[in-house]
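Inspection log for the structure reproduced underneath, given as structure tokens.
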Amino acid sequence: MIERGTLMLERLTLPDDHAIAIILRDHDTVKELFDRFEKAESSAQRDQIIAAALMELKIHAVIEEEIFYPAIRKHVGKDLMNEADEEHHVARVLIAELDTTGRENEHRDAKFTVLAESVRHHIKEEENEVIPKAKELDIDFEALGQQLLDRKNELREDGIPPDAEHAMVARTHGRSDTPAAVARARKSAQKKTTRGRTVHKAMKEHNQGKLKSGSGRKAKSRKPAVAVAVGETRKSGAKLARKKSRS
């Protein structure tokens with residue numbers, strides 16, 4: 001509680017170009033966007049907020065990874081910093097997936113909600129564990145802060161550099177199937193395989209003169225053979241493709 005109060009005071013009293021003040025302001029900006037997203041009533045409003053949040057998060061991640069983290073890593077310790085790195089990686093993957101899909105993706109809002117929860121957790125750990133240790137450093141935080149501000153301006157003007165997570169998502173053509181979607185696709189593929197095997201088996205038995213109809217008689221022509229194959233396929237639970245009507 002005392003640490004939380006200290007951070008609140010620092011938000012008000014630290015110079016604008018102090019590195020920690022800049023990090024804290026960025027945190028407040030994205031948390032406000034997350035809160036606005038939860039209250040948004042239309043998909044258009046949510047999309048605007050998502051776009052703004054993604055840009056803020058990408059810029060923030062770059063300045064931390066390139067400037068702030070290297071300056072504090074040794075003193076803060078590899079365990080906390082490695083965890084922060086991994087949290088950045090998880091957020092970047094979600095950001096890349098959101099960048100490559102639009103409103104047509106029914107999981108878009110859910111994905112952003114998960115991103116917000118992950119980032120809130122990251123912010124909490126950074127403010128409660130990383131920043132208190134970083135403050136112990138005897139460095140010029142205002143000079144460091146100026147580097148952060150200069151880099152932020154560059155990123156807004158020149159754009160965000162490519163990252164490994166965007167490249168990874170691009171290789172899947174933006175597809176980010178959920179476990180449920182993968183399970184549905186697998187079940188559909190299994191049914192198609194079952195249908196194909198049943199028809200193939202029936203036609204093979206017909207060619208060998210072994211295929212029998214439901215009455216127990218041998219199916220001598222191709223038409224009854226196909227009918228038997230269809231019946232066996234339906235028994236297996238596989239769906240048959242509907243024949244397209246000619247227009």
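A note on labels: chains of the structure tokens are A, B, ... as shown, every chain counts residues from 1, and ligands are counted from 1 in their shown order.
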Handout entry: Neighbour list for region 87-92 of chain A as an NGL selection string, cut-off 12 Å, only C-alpha atoms, skip fewer than 4 positions in-chain
Key = :A and (53-55 or 57-65 or 69 or 80-83 or 96-99 or 111-126 or 162-169)
Practice task
Compile the contact shell of Ser43 (chain A) as a list in words: residues with an atom at most 12 Å away, counting only C-alpha atoms, same-chain residues fewer than 6 positions apart removed.
Solution key: Phe37, Ile49, Ile50, Gly102, Arg103, Glu104, Glu106, Arg108 and Asp109 of chain A
Fill in the blank from the handout: The residue from A:Glu56, A:Ala44, A:Pro15, A:Ile139 with the smallest atom-to-atom distance to His27 (chain A), counting only C-alpha atoms, is A:Glu56
Exercise for the section: Please measure the separation of CA of Pro132 (chain A) and CA of Ile20 (chain A), giving the value in Å to one decimal. Expected result: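 Between CA of Pro132 (chain A) and CA of Ile20 (chain A) the gap works out to 9.9 Å.
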Practice task
Would you mind telling me which residue in A:Gln146, A:Ala110, A:Ala71, A:Ala170 lies nearest to Val93 (chain A) when using only C-alpha atoms?
Solution key: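 Using only C-alpha atoms, Val93 (chain A) sits closest to A:Ala170.
Here CA of Val130 (chain A) and CA of Glu10 (chain A) stand 15.1 Å from one another.
Interatomic distance, CA of Asn153 (chain A) against CA of Ile22 (chain A): 13.0 Å.
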